[in-house]
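Heads up, the thing below is written out as structure tokens.
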Amino acid sequence: MSQDEIKKLREKLHESLKSPEKFSQFLKEIIKKQKEIVQIISLLEAYNEATYLNYVLFRKREVVKALEYMDDKNRGILEAVKNVVNDVYHYQVAEKKIRDNVEKAMREYKDYLEDAIEVLYGYYVEAKYVNEVFSDKLRDSFAAEAIDEESFYESVFNFVNEVEEEKEERIKEILSSLPFAMSRRRFYDYLQKALEREYSTYESFLASVINIEENFYGKLVEGYGDIFPSIASKIESLQSLDLKLLSKEEIEMYLEESSELVKAIHSLREIIFSVRRVINRLLIVFLGEEDIQSLIKKEPFIKQYIEFYKRLMRNEIKSSKEIEKSVKKCDSIISSWYFELYRYNLLLGEIESSDHNLIEIVDESIIGEVEILAEYENLLNDATEIVIESDKFGEDPVDEMIIKNEIKNVIYLIEELSKKMTNEYRKARLKRLMGIIPVPVDFDKELLHYVRNALELDNSYSRKLSYMHTIKKKMDLYRELRKQKNFYESLIKNSKDVI
């Protein structure tokens, strides 16, 4: 859209505001144009993501290994989505019954994959515990340069107090790197004080509770063991090993196995996220009013990129430079269309900031169009549901008794589950929770005392030195990542959001 076109649209906008009928028609035209743009973006992104999935992701060594854990249901979904992408034009122009069946199947796949993402996170939690336990067992043979203890404690103090607004996050980094060193009663008291804080809504409290429960015991995730069952079996097999009976060499072997399992879970999540992105964009294409031929007229590169993708799938393209060139061009065109969408959003922003009463002007048909556009946007953002900002609505005060009862339930759950665990796994899980639970008020004053106790308690010199080196690396990594985050945030702040 050129500057002249923008000027004409702006003039048309201000003219239309004089008449509700004209304004309604103008708004429908703008929304229709936005929907067309989102369809174009979605079609290009569907093929771009499918190219990444098939040409990049499935060629990674660790991803190929991870496919061994893929179950029949997920393999079937991958194949079905691949077929739809290959024949998207055929399906989109097919009779309504076929289109409806394809759309229904895509929605079912999407729901299943979102469940799979949750289950894979549960597997990740459990596999990380296995890895942590085997890794901890090898700390007794740790050998490295000695660390001056007083300098170490001073560095921890300086790290925690370096940036006031990051203090809680930094304390969690330290606590989750230490061996767990609290009595049962002391931990539950810590947990209770941590959760007894002000919450804007009951949902925010509940989110904190669910986060604690699912990170303590990944097997609580609904569907655990049903989706990718071979991963559940592998985890169960590793967790059932008696560590006291294992040699150092066997522990090293199982540590490597658990590390490979964590990588496989990560790779499977990457695959599932990628397939879900393809499905979300296909849904927009099928739901949209424009057929593919109409979209191609508005963006001829669509036809070119679909042909490129089909040639790629037939192994007719061998040059990685040709592939890279096509993908980069697609990325560039997608960015241009996002910018076009942004310009229309600016026009709508002018309407919102005007003095006119939109409630009197906007009719039900426009509201319906806006809801459709919101669904498209939701799919394009790969969100699982439309999020409504709660601060725009009145909220009832959070009942303190409900909070206290929920905290009791969390404590009871941890207590009951802990009874069935070996000491190694119980401590590993509680150690992880120390990096998740909100830090109670004033705990920073006793942090160094806790750090000393944790390092001294039942630890050989090798184990103690190992933990100190781990914490030093964690602090350095945190600072480096924070520096990068601040850099990118400053770039974003100084550039316009084009979405």
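Letters A, B, ... mark the chains of the structure tokens in the order given; residue numbers begin at 1 per chain; ligand numbers begin at 1, in order shown.
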
Which polymer residues have any atom within 9 Å of an atom of Val88 (chain A), counting only C-alpha atoms, with same-chain residues fewer than 6 positions away left out, as an mmCIF file with N, CA and C atoms, in the first residue's frame?
data_model
loop_
_atom_site.group_PDB
_atom_site.id
_atom_site.type_symbol
_atom_site.label_atom_id
_atom_site.label_comp_id
_atom_site.auth_asym_id
_atom_site.auth_seq_id
_atom_site.Cartn_x
_atom_site.Cartn_y
_atom_site.Cartn_z
ATOM 1 N N LEU A 282 -3.164 -23.741 7.920
ATOM 2 C CA LEU A 282 -4.083 -24.409 6.990
ATOM 3 C C LEU A 282 -5.535 -24.122 7.366
ATOM 4 N N VAL A 285 -6.539 -20.867 6.002
ATOM 5 C CA VAL A 285 -6.733 -20.967 4.554
ATOM 6 C C VAL A 285 -8.107 -21.575 4.245
ATOM 7 N N PHE A 286 -8.482 -22.630 4.984
ATOM 8 C CA PHE A 286 -9.756 -23.294 4.737
ATOM 9 C C PHE A 286 -10.950 -22.472 5.223
ATOM 10 N N ILE A 292 -7.665 -20.066 -3.306
ATOM 11 C CA ILE A 292 -6.225 -19.922 -3.526
ATOM 12 C C ILE A 292 -5.923 -19.155 -4.808
#

Problem set entry | Surrounding residues of region 141-153 of chain A excluding itself and chain neighbours under 4 positions, 9 Å, only C-alpha atoms, as a list in words |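 Selected residues are Lys137, Phe157, Asn158, Leu448, Val451, Arg452, Ser462, Arg463, Leu465, Ser466, Met468, His469 and Lys472 of chain A.
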
Output N, CA, C and O atoms for every residue in that selection, as a CSV table (one decimal), in the first residue's frame.
chain,number,residue,atom,x,y,z
A,137,LYS,N,25.1,-38.3,41.4
A,137,LYS,CA,25.8,-39.4,41.9
A,137,LYS,C,27.3,-39.4,41.5
A,137,LYS,O,28.2,-39.9,42.2
A,157,PHE,N,26.5,-13.3,47.2
A,157,PHE,CA,25.8,-12.1,47.7
A,157,PHE,C,25.7,-11.0,46.7
A,157,PHE,O,24.6,-10.3,46.5
A,158,ASN,N,26.8,-10.7,46.0
A,158,ASN,CA,26.8,-9.6,45.0
A,158,ASN,C,25.9,-9.9,43.8
A,158,ASN,O,25.2,-9.0,43.3
A,448,LEU,N,22.5,-16.6,52.5
A,448,LEU,CA,23.9,-17.0,52.6
A,448,LEU,C,24.0,-18.1,53.6
A,448,LEU,O,24.8,-19.1,53.5
A,451,VAL,N,22.8,-21.2,52.0
A,451,VAL,CA,23.9,-21.7,51.0
A,451,VAL,C,25.0,-22.4,51.7
A,451,VAL,O,25.4,-23.5,51.3
A,452,ARG,N,25.5,-21.9,52.8
A,452,ARG,CA,26.5,-22.5,53.6
A,452,ARG,C,26.1,-23.9,54.1
A,452,ARG,O,26.8,-24.9,54.0
A,462,SER,N,34.7,-33.0,47.3
A,462,SER,CA,34.5,-33.1,45.9
A,462,SER,C,33.1,-32.6,45.5
A,462,SER,O,32.9,-31.9,44.5
A,463,ARG,N,32.1,-33.1,46.3
A,463,ARG,CA,30.7,-32.7,46.0
A,463,ARG,C,30.5,-31.2,46.2
A,463,ARG,O,29.9,-30.5,45.4
A,465,LEU,N,32.8,-28.8,46.1
A,465,LEU,CA,33.5,-28.1,45.1
A,465,LEU,C,32.7,-28.1,43.8
A,465,LEU,O,32.6,-27.1,43.0
A,466,SER,N,32.1,-29.3,43.5
A,466,SER,CA,31.3,-29.5,42.3
A,466,SER,C,30.1,-28.5,42.3
A,466,SER,O,29.8,-27.8,41.3
A,468,MET,N,29.8,-25.7,44.0
A,468,MET,CA,30.3,-24.3,43.9
A,468,MET,C,30.6,-23.9,42.4
A,468,MET,O,30.3,-22.8,42.0
A,469,HIS,N,31.3,-24.9,41.7
A,469,HIS,CA,31.5,-24.6,40.3
A,469,HIS,C,30.2,-24.5,39.5
A,469,HIS,O,30.1,-23.6,38.6
A,472,LYS,N,28.8,-21.0,40.2
A,472,LYS,CA,29.6,-20.0,39.5
A,472,LYS,C,29.2,-19.9,38.0
A,472,LYS,O,29.0,-18.9,37.4

Exercise. Of the candidates A:Ile333, A:Ile284, A:Met313, A:Ile366, which shows the shortest atom-to-atom distance to Tyr55 (chain A), using only C-alpha atoms?
Worked result: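 Of the candidates, the smallest distance to Tyr55 (chain A) is held by A:Met313.
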
For this session: From region 191-241 of chain A, collect each residue whose DSSP state is alpha helix (DSSP H) and return the set as a count of residues only.
Result: 31

For this session: Using only C-alpha atoms, find the one residue out of A:Val221, A:Asn54, A:Tyr123, A:Val130 that sits nearest to Leu312 (chain A).
Result: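 Closest to Leu312 (chain A) of all the choices is A:Asn54.
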
For this session: Find the spatial neighbours of region 253-257 of chain A, counting only C-alpha atoms, within a cut-off of 7 Å - ignore same-chain residues fewer than 6 positions away - and output them as a PyMOL selection string.
Result: chain A and resi 131+134-135

Please produce an output containing all heavy atoms for each residue in the selection, written as a tab-separated table (two decimals), in the first residue's frame.
chain	number	residue	atom	x	y	z
A	131	ASN	N	18.14	-37.52	34.91
A	131	ASN	CA	19.44	-36.96	34.56
A	131	ASN	C	20.11	-36.31	35.77
A	131	ASN	O	21.31	-36.47	35.99
A	131	ASN	CB	19.26	-35.95	33.43
A	131	ASN	CG	20.57	-35.50	32.83
A	131	ASN	OD1	21.06	-34.43	33.14
A	131	ASN	ND2	21.15	-36.32	31.97
A	134	PHE	N	21.41	-39.07	38.34
A	134	PHE	CA	22.65	-39.74	37.90
A	134	PHE	C	23.83	-38.77	37.91
A	134	PHE	O	24.95	-39.14	38.30
A	134	PHE	CB	22.47	-40.33	36.50
A	134	PHE	CG	21.66	-41.59	36.47
A	134	PHE	CD1	20.51	-41.68	35.71
A	134	PHE	CD2	22.05	-42.69	37.22
A	134	PHE	CE1	19.76	-42.84	35.70
A	134	PHE	CE2	21.30	-43.86	37.21
A	134	PHE	CZ	20.14	-43.93	36.45
A	135	SER	N	23.58	-37.53	37.52
A	135	SER	CA	24.64	-36.52	37.53
A	135	SER	C	25.12	-36.25	38.95
A	135	SER	O	26.33	-36.13	39.20
A	135	SER	CB	24.10	-35.23	36.90
A	135	SER	OG	25.07	-34.22	36.91

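Distances to Glu203 (chain A) were evaluated for A:Ile40, A:Ile31, A:Leu57, A:Ile403 using only C-alpha atoms, and the minimum falls at A:Ile403.
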
For this session: Compare A:Ser19, A:Tyr91, A:Glu213, A:Arg314 by their minimum atom-to-atom distance to Tyr412 (chain A), counting only C-alpha atoms, and give me the closest one.
Result: A:Glu213

For this session: Please provide as a count of residues only all residues within 6 Å of region 166-183 of chain A, with the sequence filter that same-chain residues fewer than 2 positions apart are discarded (counting only C-alpha atoms).
Result: 12

Exercise. Restricting the calculation to only C-alpha atoms, which member of A:Glu165, A:Asp442, A:Glu307, A:Glu424 is positioned closest to Asp87 (chain A)?
Worked result: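 Of the candidates, the smallest distance to Asp87 (chain A) is held by A:Glu307.
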
For this session: Might you pull out every residue within 12 Å of Lys33 (chain A), with only C-alpha atoms counted and same-chain residues fewer than 6 positions away left off, and present them as JSON, numbers by chain?
Result: {"A": [1, 26, 27, 39, 40, 288, 289, 290, 295, 298, 337, 340, 341, 342, 343, 344, 345, 369, 373]}

Exercise. Which one of A:Leu430, A:Val278, A:Val209, A:Leu120 sits closest to Met106 (chain A) if you count only C-alpha atoms?
Worked result: A:Val278

For this session: May I have the residues within 12 Å of Asp111 (chain A) as number ranges by chain, using only C-alpha atoms and disregarding those fewer than 4 positions away in the same chain?
Result: A: 77, 104-107, 115-118, 272, 275-276, 279-280, 383-385

Exercise. In Å, how far is it from CA of Gly218 (chain A) to CA of Gly76 (chain A)?
Worked result: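 About the pair CA of Gly218 (chain A) and CA of Gly76 (chain A): they are 25.9 Å apart.
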